[in-house]
Structures are given as structure tokens and as C-alpha cells.
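Structure file my_file.txt with compact mmCIF, C-alpha atoms:
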# COMPACT_ATOMS: atom_id res chain seq x y z
CA MET E 1 62.08 -54.76 -157.83
CA VAL E 2 62.87 -56.76 -160.95
CA MET E 3 64.38 -53.65 -162.58
CA ILE E 4 66.60 -53.05 -159.54
CA LYS E 5 67.74 -56.65 -159.54
CA ARG E 6 68.45 -56.45 -163.26
CA ASN E 7 70.50 -53.27 -162.84
CA ILE E 8 72.45 -54.76 -159.97
CA ASN E 9 73.21 -57.86 -162.01
CA ARG E 10 74.27 -55.71 -164.93
CA ALA E 11 76.58 -53.67 -162.71
CA LEU E 12 78.09 -56.80 -161.16
CA THR E 13 78.68 -58.26 -164.61
CA GLN E 14 80.44 -55.08 -165.69
CA LEU E 15 82.63 -55.20 -162.59
CA LYS E 16 83.42 -58.84 -163.23
CA ASP E 17 84.28 -58.07 -166.88
CA GLN E 18 86.53 -55.20 -165.82
CA PHE E 19 88.25 -57.48 -163.30
CA HIS E 20 88.83 -60.13 -165.98
CA LEU E 21 90.17 -57.53 -168.38
CA MET E 22 92.63 -56.27 -165.76
CA ILE E 23 93.88 -59.72 -164.80
CA TYR E 24 93.58 -61.70 -168.04
CA GLY E 25 93.42 -58.97 -170.66
CA GLY E 26 96.91 -59.22 -172.10
CA GLN E 27 100.40 -57.90 -171.30
CA THR E 28 100.50 -60.34 -168.41
CA ASP E 29 104.31 -60.39 -168.35
CA GLU E 30 104.61 -56.61 -168.10
CA LYS E 31 101.93 -56.34 -165.43
CA TYR E 32 103.48 -59.20 -163.49
CA LYS E 33 106.99 -57.69 -163.60
CA THR E 34 105.66 -54.36 -162.33
CA ALA E 35 103.64 -56.02 -159.57
CA LYS E 36 106.66 -58.10 -158.55
CA VAL E 37 108.86 -55.02 -158.20
CA LEU E 38 106.17 -53.29 -156.14
CA VAL E 39 105.92 -56.26 -153.77
CA GLN E 40 109.72 -56.21 -153.48
CA ILE E 41 109.55 -52.54 -152.52
CA PHE E 42 106.85 -53.30 -149.96
CA TYR E 43 109.09 -55.81 -148.15
CA PHE E 44 111.90 -53.27 -148.24
CA ILE E 45 109.63 -50.69 -146.57
CA GLN E 46 108.65 -53.29 -143.97
CA LEU E 47 112.36 -53.76 -143.26
CA ALA E 48 112.67 -49.99 -142.79
CA VAL E 49 109.80 -50.07 -140.28
CA ALA E 50 111.40 -52.98 -138.42
CA TYR E 51 114.69 -51.05 -138.28
CA GLN E 52 112.88 -47.95 -136.95
CA ALA E 53 111.58 -50.07 -134.07
CA PHE E 54 115.16 -49.84 -132.71
CA THR E 55 115.76 -46.13 -133.30
CA PHE E 56 114.70 -43.22 -131.10
CA ASN E 57 113.23 -40.57 -133.35
CA SER E 58 110.52 -42.31 -135.33
CA GLN E 59 106.77 -42.52 -134.94
CA LEU E 60 107.17 -45.96 -133.36
CA PRO E 61 107.44 -46.26 -129.55
CA ASP E 62 111.02 -46.26 -128.22
CA TRP E 63 112.14 -49.80 -127.48
CA THR E 64 113.62 -48.64 -124.16
CA ASP E 65 110.21 -47.28 -123.11
CA ILE E 66 108.63 -50.60 -124.03
CA LEU E 67 111.13 -52.52 -121.89
CA ARG E 68 110.58 -50.18 -118.92
CA ALA E 69 106.80 -50.41 -119.15
CA GLU E 70 106.16 -53.90 -117.79
CA GLU E 71 103.73 -52.56 -115.20
CA MET E 72 101.81 -50.72 -117.89
CA PHE E 73 101.52 -53.77 -120.12
CA MET E 74 97.85 -54.53 -120.88
CA PRO E 75 98.35 -57.30 -123.44
CA LEU E 76 96.12 -57.76 -126.44
CA TRP E 77 95.26 -61.41 -127.16
CA PRO E 78 98.22 -62.17 -129.51
CA VAL E 79 100.75 -61.23 -126.83
CA GLN E 80 99.03 -62.62 -123.75
CA TRP E 81 101.79 -65.25 -123.66
CA VAL E 82 104.33 -62.53 -122.77
CA LYS E 83 102.91 -62.49 -119.25
CA LEU E 84 103.90 -66.13 -118.81
CA VAL E 85 107.57 -65.59 -119.63
CA ASN E 86 110.28 -63.04 -118.87
CA TYR E 87 108.87 -59.71 -120.10
CA SER E 88 112.16 -58.18 -121.18
CA ILE E 89 113.31 -61.24 -123.09
CA ALA E 90 109.91 -61.63 -124.76
CA CYS E 91 109.86 -57.99 -125.91
CA LYS E 92 113.42 -58.14 -127.20
CA GLY E 93 112.53 -61.39 -128.96
CA ILE E 94 109.52 -59.83 -130.67
CA LEU E 95 111.56 -56.82 -131.80
CA LEU E 96 114.47 -58.90 -133.07
CA SER E 97 112.18 -61.40 -134.80
CA PHE E 98 110.48 -58.54 -136.61
CA LEU E 99 113.83 -57.21 -137.80
CA ILE E 100 115.30 -60.55 -138.82
CA ALA E 101 112.14 -61.82 -140.52
CA SER E 102 111.74 -58.53 -142.39
CA PHE E 103 115.35 -58.69 -143.60
CA ILE E 104 114.98 -62.28 -144.76
CA SER E 105 111.69 -61.58 -146.51
CA THR E 106 113.25 -58.60 -148.33
CA LEU E 107 115.72 -60.98 -149.93
CA PHE E 108 113.82 -64.25 -150.18
CA TRP E 109 110.10 -63.46 -150.26
CA THR E 110 109.68 -65.25 -153.58
CA ARG E 111 111.25 -68.50 -152.39
CA HIS E 112 108.70 -69.89 -149.91
CA THR E 113 105.27 -69.07 -148.58
CA ILE E 114 106.57 -69.80 -145.07
CA ILE E 115 109.03 -66.89 -145.33
CA ARG E 116 106.24 -64.45 -146.09
CA ALA E 117 104.06 -66.03 -143.40
CA ILE E 118 106.76 -65.61 -140.76
CA SER E 119 107.36 -62.06 -141.94
CA PHE E 120 103.66 -61.30 -141.48
CA LEU E 121 103.49 -63.00 -138.07
CA SER E 122 106.53 -61.13 -136.77
CA PHE E 123 104.93 -57.87 -137.89
CA PHE E 124 101.62 -58.91 -136.31
CA PHE E 125 103.23 -59.67 -132.94
CA TYR E 126 105.19 -56.41 -133.03
CA LEU E 127 102.04 -54.40 -133.71
CA ALA E 128 100.19 -56.29 -130.97
CA LEU E 129 103.02 -55.54 -128.54
CA ILE E 130 103.14 -51.77 -129.18
CA SER E 131 99.33 -51.62 -129.03
CA SER E 132 99.25 -53.23 -125.58
CA PHE E 133 99.75 -50.12 -123.42
CA GLY E 134 96.29 -48.61 -123.34
CA LYS E 135 95.72 -47.46 -126.89
CA ILE E 136 95.80 -48.90 -130.40
CA ASP E 137 97.18 -46.68 -133.15
CA HIS E 138 96.24 -47.44 -136.73
CA TYR E 139 99.08 -46.08 -138.82
CA LEU E 140 100.54 -49.54 -139.50
CA HIS E 141 97.32 -51.46 -140.06
CA LEU E 142 97.25 -51.21 -143.86
CA MET E 143 100.86 -52.38 -144.08
CA LEU E 144 100.08 -55.31 -141.82
CA VAL E 145 97.06 -56.36 -143.84
CA MET E 146 99.07 -56.13 -147.05
CA SER E 147 101.74 -58.29 -145.44
CA PHE E 148 99.01 -60.83 -144.67
CA PHE E 149 97.60 -60.95 -148.20
CA LEU E 150 101.06 -61.31 -149.71
CA VAL E 151 101.36 -64.64 -147.89
CA LEU E 152 98.74 -65.87 -150.38
CA LEU E 153 100.95 -65.20 -153.41
CA PRO E 154 101.34 -68.33 -155.55
CA LYS E 155 104.33 -70.57 -155.07
CA SER E 156 105.34 -70.60 -158.69
CA ASN E 157 105.18 -67.55 -160.93
CA LYS E 158 106.76 -68.91 -164.09
CA SER E 159 103.60 -69.94 -165.90
CA VAL E 160 100.89 -67.61 -167.18
CA GLU E 161 98.60 -69.17 -164.60
CA GLY E 162 101.05 -68.38 -161.83
CA LYS E 163 101.50 -64.82 -163.02
CA THR E 164 97.76 -64.14 -163.21
CA ALA E 165 97.33 -65.65 -159.73
CA PHE E 166 100.02 -63.21 -158.53
CA LEU E 167 98.19 -60.31 -160.15
CA LYS E 168 94.91 -61.43 -158.57
CA VAL E 169 96.38 -61.25 -155.08
CA PHE E 170 97.92 -57.85 -155.83
CA TRP E 171 94.58 -56.55 -157.06
CA PHE E 172 92.81 -57.87 -153.96
CA VAL E 173 95.19 -55.86 -151.82
CA GLN E 174 94.25 -52.80 -153.87
CA LEU E 175 90.56 -53.61 -153.42
CA PHE E 176 91.01 -54.10 -149.68
CA ALA E 177 92.85 -50.81 -149.26
CA LEU E 178 90.21 -48.87 -151.16
CA THR E 179 87.41 -50.62 -149.25
CA THR E 180 88.84 -49.37 -145.97
CA TYR E 181 88.79 -45.82 -147.29
CA SER E 182 85.22 -46.16 -148.52
CA ILE E 183 84.04 -47.54 -145.18
CA SER E 184 85.76 -44.63 -143.47
CA GLY E 185 83.98 -42.25 -145.86
CA LEU E 186 80.67 -43.95 -145.08
CA PHE E 187 81.15 -43.40 -141.34
CA LYS E 188 81.96 -39.74 -142.01
CA PHE E 189 78.83 -39.10 -144.05
CA TYR E 190 76.81 -40.94 -141.44
CA GLY E 191 78.45 -38.61 -138.91
CA ILE E 192 77.30 -35.55 -140.89
CA ALA E 193 73.71 -36.82 -141.05
CA ASP E 194 73.69 -37.83 -137.40
CA GLN E 195 75.04 -34.50 -136.16
CA LEU E 196 72.69 -32.48 -138.40
CA ILE E 197 69.69 -34.39 -137.06
CA ARG E 198 70.84 -33.78 -133.49
CA GLY E 199 71.36 -30.07 -134.19
CA GLN E 200 75.08 -30.32 -133.47
CA ILE E 201 78.02 -28.76 -135.31
CA SER E 202 78.60 -30.99 -138.31
CA ALA E 203 81.26 -31.11 -141.01
CA ILE E 204 79.40 -28.48 -143.05
CA ASP E 205 79.75 -25.89 -140.31
CA PRO E 206 82.44 -23.22 -140.91
CA THR E 207 84.12 -24.08 -137.59
CA ALA E 208 84.13 -27.84 -138.20
CA PHE E 209 87.67 -28.14 -139.54
CA GLY E 210 88.90 -25.88 -136.74
CA GLN E 211 87.30 -28.14 -134.12
CA ASN E 212 89.23 -31.15 -135.45
CA ILE E 213 92.45 -29.16 -135.52
CA ALA E 214 91.89 -27.74 -132.05
CA LYS E 215 91.29 -31.22 -130.65
CA SER E 216 94.64 -32.40 -131.96
CA LEU E 217 96.37 -29.23 -130.78
CA PHE E 218 94.87 -29.56 -127.30
CA HIS E 219 96.22 -33.08 -126.93
CA THR E 220 99.64 -32.72 -128.53
CA GLY E 221 100.46 -29.08 -127.80
CA LYS E 222 102.14 -28.94 -131.21
CA PRO E 223 100.54 -26.78 -133.91
CA PRO E 224 100.34 -28.43 -137.34
CA PHE E 225 101.59 -26.36 -140.26
CA LEU E 226 98.26 -24.89 -141.41
CA SER E 227 96.45 -25.03 -138.09
CA GLU E 228 96.70 -21.34 -137.15
CA MET E 229 95.30 -20.16 -140.46
CA ILE E 230 92.27 -22.46 -140.28
CA LEU E 231 91.60 -21.94 -136.56
CA HIS E 232 91.51 -18.17 -136.86
CA ASN E 233 89.62 -18.03 -140.16
CA PRO E 234 86.54 -20.27 -139.92
CA SER E 235 84.92 -20.44 -143.32
CA TYR E 236 82.65 -22.54 -145.53
CA PHE E 237 85.67 -22.86 -147.81
CA PHE E 238 87.32 -25.14 -145.25
CA SER E 239 84.07 -27.07 -144.78
CA ILE E 240 84.01 -27.71 -148.53
CA ILE E 241 87.58 -29.01 -148.38
CA LEU E 242 86.66 -31.23 -145.44
CA VAL E 243 83.63 -32.72 -147.18
CA ALA E 244 85.59 -33.11 -150.43
CA GLY E 245 88.02 -35.26 -148.48
CA TYR E 246 85.12 -37.36 -147.22
CA LEU E 247 83.89 -37.77 -150.82
CA ILE E 248 87.27 -38.96 -152.03
CA GLU E 249 87.24 -41.61 -149.30
CA LEU E 250 83.66 -42.69 -149.99
CA ALA E 251 84.23 -43.07 -153.73
CA ALA E 252 87.56 -44.88 -153.37
CA ILE E 253 86.29 -48.45 -153.75
CA PHE E 254 85.00 -47.84 -157.28
CA PHE E 255 88.50 -47.03 -158.48
CA ALA E 256 89.57 -50.62 -157.85
CA PHE E 257 87.70 -51.46 -161.06
CA LEU E 258 88.95 -48.46 -163.04
CA PRO E 259 92.64 -49.10 -163.76
CA ARG E 260 92.81 -45.99 -165.95
CA TRP E 261 92.30 -43.95 -162.78
CA HIS E 262 94.55 -45.83 -160.36
CA ARG E 263 97.19 -43.13 -160.45
CA LEU E 264 94.50 -40.49 -159.88
CA ILE E 265 93.00 -42.16 -156.80
CA GLY E 266 96.50 -42.83 -155.49
CA SER E 267 97.37 -39.15 -155.87
CA LEU E 268 94.11 -38.02 -154.26
CA LEU E 269 94.53 -40.34 -151.27
CA ILE E 270 98.13 -39.25 -150.79
CA LEU E 271 97.05 -35.60 -150.99
CA LEU E 272 94.35 -36.40 -148.44
CA HIS E 273 96.96 -37.75 -146.01
CA ILE E 274 99.30 -34.83 -146.69
CA GLY E 275 96.41 -32.47 -146.01
CA ILE E 276 95.62 -34.29 -142.76
CA GLY E 277 99.26 -34.05 -141.73
CA LEU E 278 99.45 -30.32 -142.44
CA THR E 279 96.19 -29.50 -140.65
CA VAL E 280 95.34 -32.01 -137.95
CA GLY E 281 98.88 -33.30 -137.58
CA ALA E 282 98.20 -37.06 -137.79
CA ASP E 283 101.24 -38.79 -139.30
CA PHE E 284 100.29 -41.41 -141.89
CA LEU E 285 103.64 -41.81 -143.60
CA TYR E 286 103.42 -45.61 -143.79
CA GLN E 287 99.92 -45.39 -145.25
CA ILE E 288 101.18 -42.94 -147.88
CA LEU E 289 103.96 -45.33 -148.82
CA VAL E 290 101.58 -48.26 -149.25
CA VAL E 291 99.06 -46.21 -151.24
CA GLY E 292 101.92 -45.04 -153.44
CA ILE E 293 103.07 -48.61 -154.10
CA LEU E 294 99.57 -49.86 -154.79
CA PHE E 295 98.20 -47.07 -156.96
CA LEU E 296 100.75 -44.55 -158.19
CA TYR E 297 102.60 -47.37 -159.94
CA SER E 298 99.68 -49.75 -160.43
CA PRO E 299 100.56 -52.58 -162.82
CA PHE E 300 97.01 -52.42 -164.19
CA GLU E 301 97.24 -48.86 -165.44
CA ASN E 302 98.72 -49.78 -168.78
CA LYS E 303 97.77 -49.78 -172.45
CA ALA E 304 96.02 -53.15 -172.32
CA THR E 305 93.52 -52.02 -169.70
CA VAL E 306 93.28 -48.25 -170.22
CA MET X 307 98.54 -73.90 -154.44
CA LYS X 308 97.02 -71.04 -156.43
CA ILE X 309 94.40 -69.12 -154.61
CA LYS X 310 91.12 -68.46 -156.38
CA SER X 311 89.26 -65.16 -156.50
CA ARG X 312 86.37 -66.55 -154.45
CA GLN X 313 88.76 -67.71 -151.77
CA LEU X 314 90.30 -64.22 -151.59
CA LEU X 315 86.84 -62.69 -151.36
CA LEU X 316 85.93 -65.13 -148.61
CA ILE X 317 89.08 -64.33 -146.63
CA THR X 318 88.36 -60.60 -146.97
CA ALA X 319 84.74 -61.10 -145.89
CA ILE X 320 85.79 -63.19 -142.87
CA TYR X 321 88.37 -60.58 -141.87
CA PHE X 322 85.86 -57.72 -142.01
CA SER X 323 83.18 -59.75 -140.23
CA ILE X 324 85.45 -60.65 -137.33
CA SER X 325 86.91 -57.16 -137.20
CA PHE X 326 83.44 -55.60 -137.04
CA ILE X 327 82.39 -57.65 -134.01
CA PRO X 328 84.05 -55.32 -131.44
CA VAL X 329 82.59 -52.30 -133.24
CA LEU X 330 79.03 -53.66 -133.15
CA ALA X 331 79.42 -54.96 -129.61
CA ARG X 332 81.06 -51.66 -128.55
CA TRP X 333 84.04 -53.40 -127.03
CA LYS X 334 87.08 -51.33 -126.28
CA VAL X 335 89.49 -53.80 -127.84
CA GLU X 336 90.07 -55.17 -131.34
CA ILE X 337 90.21 -58.83 -132.34
CA PHE X 338 92.08 -58.23 -135.58
CA PRO X 339 93.66 -54.93 -136.57
CA PHE X 340 90.70 -52.83 -137.53
CA PHE X 341 91.03 -49.48 -139.10
CA SER X 342 89.85 -46.50 -137.15
CA PHE X 343 86.80 -45.94 -139.32
CA LYS X 344 85.25 -43.80 -136.66
CA LEU X 345 88.28 -41.50 -136.41
CA PHE X 346 87.28 -37.94 -137.33
CA SER X 347 83.84 -39.23 -138.35
CA LYS X 348 82.13 -36.71 -136.09
CA ILE X 349 83.02 -33.13 -135.32
CA PRO X 350 83.82 -32.74 -131.61
CA GLN X 351 81.25 -30.54 -129.89
CA SER X 352 83.16 -30.19 -126.66
CA PHE X 353 85.54 -32.23 -124.58
CA ASP X 354 85.29 -34.03 -121.31
CA HIS X 355 88.58 -35.65 -120.28
CA ALA X 356 89.50 -37.29 -117.03
CA ASP X 357 92.85 -36.24 -115.58
CA VAL X 358 94.65 -35.87 -112.27
CA LEU X 359 95.32 -32.43 -110.79
CA LEU X 360 98.77 -32.64 -109.20
CA ASN X 361 98.82 -29.26 -107.44
CA ASN X 362 96.29 -26.84 -105.98
CA ASP X 363 97.37 -23.79 -107.92
CA MET X 364 94.41 -22.69 -110.05
CA GLU X 365 96.55 -20.06 -111.78
CA ASN X 366 99.06 -22.66 -112.97
CA PRO X 367 97.45 -26.07 -112.63
CA GLU X 368 99.59 -29.11 -113.33
CA PHE X 369 97.99 -32.25 -114.63
CA LEU X 370 99.20 -35.79 -114.87
CA ILE X 371 98.35 -36.12 -118.57
CA HIS X 372 97.41 -32.77 -120.14
CA GLY X 373 100.49 -30.70 -120.86
CA ASN X 374 102.83 -33.15 -119.11
CA THR X 375 105.79 -33.28 -121.47
CA ASP X 376 107.78 -35.51 -119.10
CA LEU X 377 105.67 -38.53 -119.98
CA THR X 378 106.68 -41.00 -122.64
CA ARG X 379 104.02 -41.94 -125.18
CA ILE X 380 103.49 -45.24 -123.43
CA GLN X 381 103.08 -43.58 -120.05
CA ALA X 382 100.62 -41.00 -121.41
CA ARG X 383 98.45 -43.74 -122.92
CA PHE X 384 98.59 -45.99 -119.93
CA TYR X 385 97.81 -43.19 -117.46
CA ALA X 386 94.95 -41.94 -119.67
CA ALA X 387 93.46 -45.45 -119.73
CA LYS X 388 93.85 -45.84 -115.95
CA VAL X 389 92.41 -42.43 -115.13
CA ARG X 390 89.42 -43.10 -117.41
CA GLU X 391 88.87 -46.39 -115.63
CA HIS X 392 89.15 -44.64 -112.29
CA VAL X 393 86.57 -41.99 -113.16
CA GLU X 394 84.19 -44.63 -114.52
CA ASN X 395 84.53 -46.49 -111.22
CA TYR X 396 83.77 -43.24 -109.38
CA TYR X 397 80.62 -42.59 -111.42
CA THR X 398 79.47 -46.17 -110.73
CA ASN X 399 80.20 -45.89 -107.02
CA PRO X 400 80.85 -42.28 -105.94
CA ALA X 401 82.98 -42.90 -102.88
CA PRO X 402 84.93 -39.76 -101.75
CA ASP X 403 88.20 -41.66 -101.39
CA LEU X 404 88.09 -42.44 -105.09
CA LEU X 405 88.60 -38.74 -105.77
CA LYS X 406 92.22 -39.10 -104.70
CA ILE X 407 94.41 -41.06 -107.04
CA GLU X 408 97.97 -42.30 -107.05
CA ILE X 409 99.70 -43.77 -110.08
CA ASP X 410 103.42 -44.54 -110.31
CA GLY X 411 104.47 -41.96 -107.76
CA TYR X 412 102.15 -39.25 -109.11
CA SER X 413 99.38 -38.33 -106.71
CA GLY X 414 96.61 -35.83 -106.85
CA ARG X 415 92.89 -35.46 -107.18
CA LEU X 416 90.70 -36.76 -109.91
CA VAL X 417 89.33 -34.02 -112.14
CA VAL X 418 87.49 -33.68 -115.40
CA LEU X 419 88.62 -31.11 -117.94
CA LYS X 420 85.68 -29.72 -119.87
CA GLY X 421 85.28 -27.14 -122.58
CA ASP X 422 85.38 -26.22 -126.21
CA TYR X 423 88.44 -27.37 -128.14
CA ILE X 424 88.84 -24.16 -130.12
CA LEU X 425 88.70 -21.99 -126.98
CA ALA X 426 91.04 -24.32 -125.16
CA ALA X 427 93.53 -24.42 -128.03
CA THR X 428 93.50 -20.70 -128.83
CA ASP X 429 92.95 -19.08 -125.41
CA GLY X 430 93.90 -21.91 -123.09
CA ARG X 431 90.46 -21.69 -121.45
CA PHE X 432 88.65 -24.71 -120.10
CA LEU X 433 86.86 -25.83 -116.96
CA ILE X 434 88.46 -27.95 -114.31
CA LYS X 435 85.72 -29.91 -112.68
CA SER X 436 85.80 -32.35 -109.85
CA PRO X 437 83.56 -35.30 -110.69
CA ASP X 438 81.36 -34.25 -107.76
CA LYS X 439 81.38 -30.48 -108.34
CA GLN X 440 82.96 -27.67 -110.31
CA ILE X 441 86.06 -26.33 -108.56
CA GLY X 442 87.48 -23.66 -110.85
CA TYR X 443 88.42 -22.29 -114.22
CA ASP X 444 91.71 -22.34 -116.01
Let me see whether you can do it: turn the structure in this file into C-alpha cells.
Amino acid sequence: MVMIKRNINRALTQLKDQFHLMIYGGQTDEKYKTAKVLVQIFYFIQLAVAYQAFTFNSQLPDWTDILRAEEMFMPLWPVQWVKLVNYSIACKGILLSFLIASFISTLFWTRHTIIRAISFLSFFFYLALISSFGKIDHYLHLMLVMSFFLVLLPKSNKSVEGKTAFLKVFWFVQLFALTTYSISGLFKFYGIADQLIRGQISAIDPTAFGQNIAKSLFHTGKPPFLSEMILHNPSYFFSIILVAGYLIELAAIFFAFLPRWHRLIGSLLILLHIGIGLTVGADFLYQILVVGILFLYSPFENKATV
Amino acid sequence: MKIKSRQLLLITAIYFSISFIPVLARWKVEIFPFFSFKLFSKIPQSFDHADVLLNNDMENPEFLIHGNTDLTRIQARFYAAKVREHVENYYTNPAPDLLKIEIDGYSGRLVVLKGDYILAATDGRFLIKSPDKQIGYD
């Protein structure tokens, strides 16, 4: 018991040391400049999402369908107030606020915390609105959470203290993103164990990948790019690919403390989402963009920390 | 104000704690946006979906949700949620008049589509079952 405690303490100390090295270990200006550009790009992507809320061919629900769906509106708690006012005006207000706040934050996110806070809230209300018709999708959740954490960026970034505080927040967003992947991986491995114990088809079965693909195909009627090949050729090869994906997710959180490998984990997670898109058909474009910002161009993967 | 690492950790912990409440309590709603950790966590063994059969043609059945390309995304979700609610009400209190359903001008009988996803996706084969008895194959 004492040995276990000692090993845990040693591991935590190593993690803490690695964290300190990343944040305080030199080249603060370079890391800060990179992180600042990445945050700028994030707000630009948020603006693109807000713009897409008004177009007709994106992943987001059509605004005209939203306006016509008053009788189908089952509001989540953040948009319960919409029922007390004119539905059409409230929906248009939420959409327009999202667009305007996103545009302002693209230009002035560094000026005031309140600008970033309003940007986050407008995004939050928009997501609550489009999730209030019977089902919650999750393709914008990571963007929303990042928008929330960016509210906590320091007011002043001119001093070394301000810059390291900025980097701390950026790193916490990285940690949060990777934690979500690891938790997802944990649920998947639990799923394997649970289904094996029950004698059900689990992820290690040759038909497992095909079952996931077939489920998506049954509901959407649209065959993803690689679906036919996998459906008609069940094989342990595809099970290995499936479980490898689970492993990448499970191990993700450790990469938060390994800046040398940020680009690697970013690439693997993006490949994972591309693979999901080509096989099961789930569109995680916004997730790919955020993972790219956070890890492919990580400010911590530099000579001081590698 | 410069935020400290412990404060960030605390905020993250609070977020996850509150977000996990609906998962542990098995609610159907979220408090804060929570990632779909359970998505694709288990391999589907078979399916069992509530739907509404709009015609009586077993050769070419038409359903309210499955295969209905006229629906917008919002309509499909809303109808799926309503039909699920309807079938749950039927299983709680199996009154015959609950087998007929009308939503937004669509009317038909409540059915449950059952089968294996791979068979359904490749051969189009699945069972159409009334909640009270099996009524045919597709």
C-alpha cells in the first residue's frame, strides 16, 4: 500500500514537473505568440459556424426549419425562457446574437473578458436551441467548452506572468479535450468487457465494425465511403482497427503531459475522426478543426520542451 | 485577474461532476453539454425501434420515420421522440386505442421494427411488429 502510494506520488510529481516545464520552461514569448494565433483562429472558426447557422447546406439545422418547428420545441433549461416570449423573434434573436457576438469576438477577443463571455453565451444559447427538438447532437460540444475556457484568459498579456497565465488556460483546454477522449475510450473498453461477459457480439468480433456501419446506414440510408467493403468482408482485421481506435482514445489524456507528442496525438485523433467519417458516416468536422488547432500546432511542442 | 491552475482544475472538476449527474441518474437530458461518451461504446446486437406504419401494404410499407426522406432533421427527431414516448405509454398501459397514432397530419398504427442491422442494411430485411403481436415481415 505504501509502495503504491509512493509510486502515485512520484508519478504526480513527474506530471507536475512536466506541466511546469511546458508553462514556465523558457521561450515564453514564442509559445505565447503561437497560442495567441491559435485562439484567434478558433474565434474565426466560431464565426464560420455562426455564419453556417444561416445557410442551407451545412450540418447545422436550417434556420427556416427551426422557425417552423414551434410545436416541436421541447426546450432544454437554457432556452426555457423562449416559451414565455414570441418564439420566432426569440429564435431569430438567438441566431443573430450568435453571429454578431462571434464577429465581434473574432476582432476584439483580446480587449475584454466580457466580449469572450458574451461570445460563449451566444454559442451556448444557440446550441441549446438546436438541441431542443428531441435529440442532442454532440459535434459542437468541444468547440463550446473551448469557448467557455477562453473566457478565463487573463486580462493583460504583456507581462511574463500574463503570458504564462494565457498558456495555462490554453493547456487546460488541451487537457480537457484529451480527457473527453480518454473517458470515451474507457466507456468503450468497459463495453467490450461487458458484452464479452454477457456472451454478446463485442468489438473483437469480426462483424463488430459492420454492425456499427449497418446501424448508421439503416438510419440515414446513405452509405459511407468504405461501408460496403467492410459490411461484405467481416474480418478480424477490421476488429483490430476498431480496437486500435479505442486505444488511441483511452491513451489520449497522457499526451497532455508529453508536448513532444502533441502533433502525433493530434494526427491520430484527426485520423480517427476521418476514419469514422469514411466508415460510419458521422461528421465531426468541427471537432477535427479544434483538435487541429490544439495539437497539430501546439505551442508547447517546441525546442524548450521537446 | 489571473486564474490559477487549481482554480482551472476545480472548474473542470465541477463541470464533469455536474455533467455526470444525468448519466448516473439515467436522465434523458443533459444539464451541461456532455460528450456522448456512450456513443459507439457497445456493438449493437439487434435493433428495436418504434415507428408508425402509414399504409397497410406489407410489400411496400411506408413508415413515418424510417425511410421518410420528406422529413426535415428536426421533424425526424421530434417524431422519433414522440413515437418512443407513445410506445412507452403503451407498454405501461396497453390500451388498444394507443396503437393508433396521429402526429402532425400523419396517421397510422404504432409498430416496432426489429432485426439485425447488417441484414436490414444489406438485404432490407427486418420484422415489423405490432407492440401486441407480430404482424409481418419486410
Q.
Env of range 380-385 of chain X: 10 Å cut, atoms = only C-alpha atoms, seq-sep filter 2 positions within chain, self excluded. Answer as a PyMOL selection string.
A. (chain E and resi 61-62+65-66+68-69+71-74+130-136) or (chain X and resi 357-358+370-372+374-378+387-391+409-410)
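By chain and then residue number, the residues within 10 Å of Ala427 in chain X are Gly210, Gln211, Ile213, Ala214, Lys215, Ser216, Leu217, Phe218, His219, Gly221, Pro223 and Leu231 of chain E; Asp422, Tyr423, Arg431 and Phe432 of chain X, counting all atoms listed in the file and disregarding those fewer than 4 positions away in sequence.
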Q: Counting all atoms listed in the file, figure out which residue out of X:Gly421, X:Pro437, X:Gly373, X:Gly414 gets nearest to chain E.
A: X:Gly373
Q | Neighbour list for range 322-334 of chain X as a ChimeraX atom specification, cut-off 12 Å, all atoms listed in the file, skip fewer than 5 positions in-chain | A | /E:76,134-136,145,176,179-180,183 /X:315-317,339-344,387,391
Q: Just the residues within 7 Å of Phe300 in chain E, please, counting all atoms listed in the file, with nothing from its chain fewer than 6 positions along; format it as a list in words.
A: Met22, Lys31 and Pro259 of chain E
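The space between CA of Val418 in chain X and CA of Leu196 in chain E spans 27.4 Å.
Interatomic distance, CA of Thr164 in chain E to CA of Ser298 in chain E: 14.8 Å.
The smallest atom-to-atom distance between Ala282 in chain E and any of E:Tyr32, E:Phe172, E:Phe225, E:Phe103, using only C-alpha atoms, is found for E:Phe225.
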Q) Which of these, E:Val280, E:Ile265, E:Val85, E:Ile240, has the shortest distance to chain X once you count all atoms listed in the file? A) E:Val280
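Between CA of Val173 in chain E and CA of Phe346 in chain X there is a distance of 24.4 Å.
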Q: Excluding range 42-45 of chain E and residues on its chain fewer than 4 positions from it, collect all residues at most 10 Å away from it, counting all atoms listed in the file, and give them as a PyMOL selection string.
A: chain E and resi 36-38+49-51+102-109+116+119+143+146-147+150+286+289-290+293-294
Q.
Between X:Lys420, X:Arg415, X:Lys435, X:Lys406, which residue has the minimum interatomic distance to chain E, considering only C-alpha atoms?
A. X:Lys420
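You can rank E:Ile241, E:Met1, E:Leu47, E:Leu258 by their closest distance to Trp171 in chain E using all atoms listed in the file, and at the top of that list sits E:Leu258.
Across X:Leu416, X:Leu433, X:Ile349, X:Ile320, the tightest approach to chain E is made by X:Ile349 when counting only C-alpha atoms.
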Since the input is missing atoms for range 74-85 of chain E, could you rebuild it with N, CA and C atoms and give the result as a short mmCIF file (atom, residue, chain, number, x, y, z; two decimals), keeping the file's coordinate frame?
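What landed in out-v2.cif:
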data_model
loop_
_atom_site.label_atom_id
_atom_site.label_comp_id
_atom_site.auth_asym_id
_atom_site.auth_seq_id
_atom_site.Cartn_x
_atom_site.Cartn_y
_atom_site.Cartn_z
N MET E 74 99.22 -54.01 -120.89
CA MET E 74 97.85 -54.53 -120.88
C MET E 74 97.69 -55.33 -122.17
N PRO E 75 98.16 -56.59 -122.17
CA PRO E 75 98.35 -57.30 -123.44
C PRO E 75 97.08 -57.58 -124.23
N LEU E 76 97.16 -57.30 -125.51
CA LEU E 76 96.12 -57.76 -126.44
C LEU E 76 96.28 -59.28 -126.60
N TRP E 77 95.26 -59.95 -127.17
CA TRP E 77 95.26 -61.41 -127.16
C TRP E 77 96.48 -62.06 -127.82
N PRO E 78 97.08 -61.45 -128.90
CA PRO E 78 98.22 -62.17 -129.51
C PRO E 78 99.47 -62.18 -128.64
N VAL E 79 99.54 -61.28 -127.66
CA VAL E 79 100.75 -61.23 -126.83
C VAL E 79 100.44 -61.51 -125.37
N GLN E 80 99.34 -62.20 -125.12
CA GLN E 80 99.03 -62.62 -123.75
C GLN E 80 100.12 -63.53 -123.20
N TRP E 81 100.76 -64.30 -124.08
CA TRP E 81 101.79 -65.25 -123.66
C TRP E 81 103.00 -64.55 -123.04
N VAL E 82 103.19 -63.27 -123.32
CA VAL E 82 104.33 -62.53 -122.77
C VAL E 82 104.28 -62.49 -121.25
N LYS E 83 103.06 -62.54 -120.72
CA LYS E 83 102.91 -62.49 -119.25
C LYS E 83 103.40 -63.78 -118.59
N LEU E 84 103.51 -64.84 -119.38
CA LEU E 84 103.90 -66.13 -118.81
C LEU E 84 105.41 -66.32 -118.82
N VAL E 85 106.11 -65.43 -119.52
CA VAL E 85 107.57 -65.59 -119.63
C VAL E 85 108.24 -64.30 -119.14
#
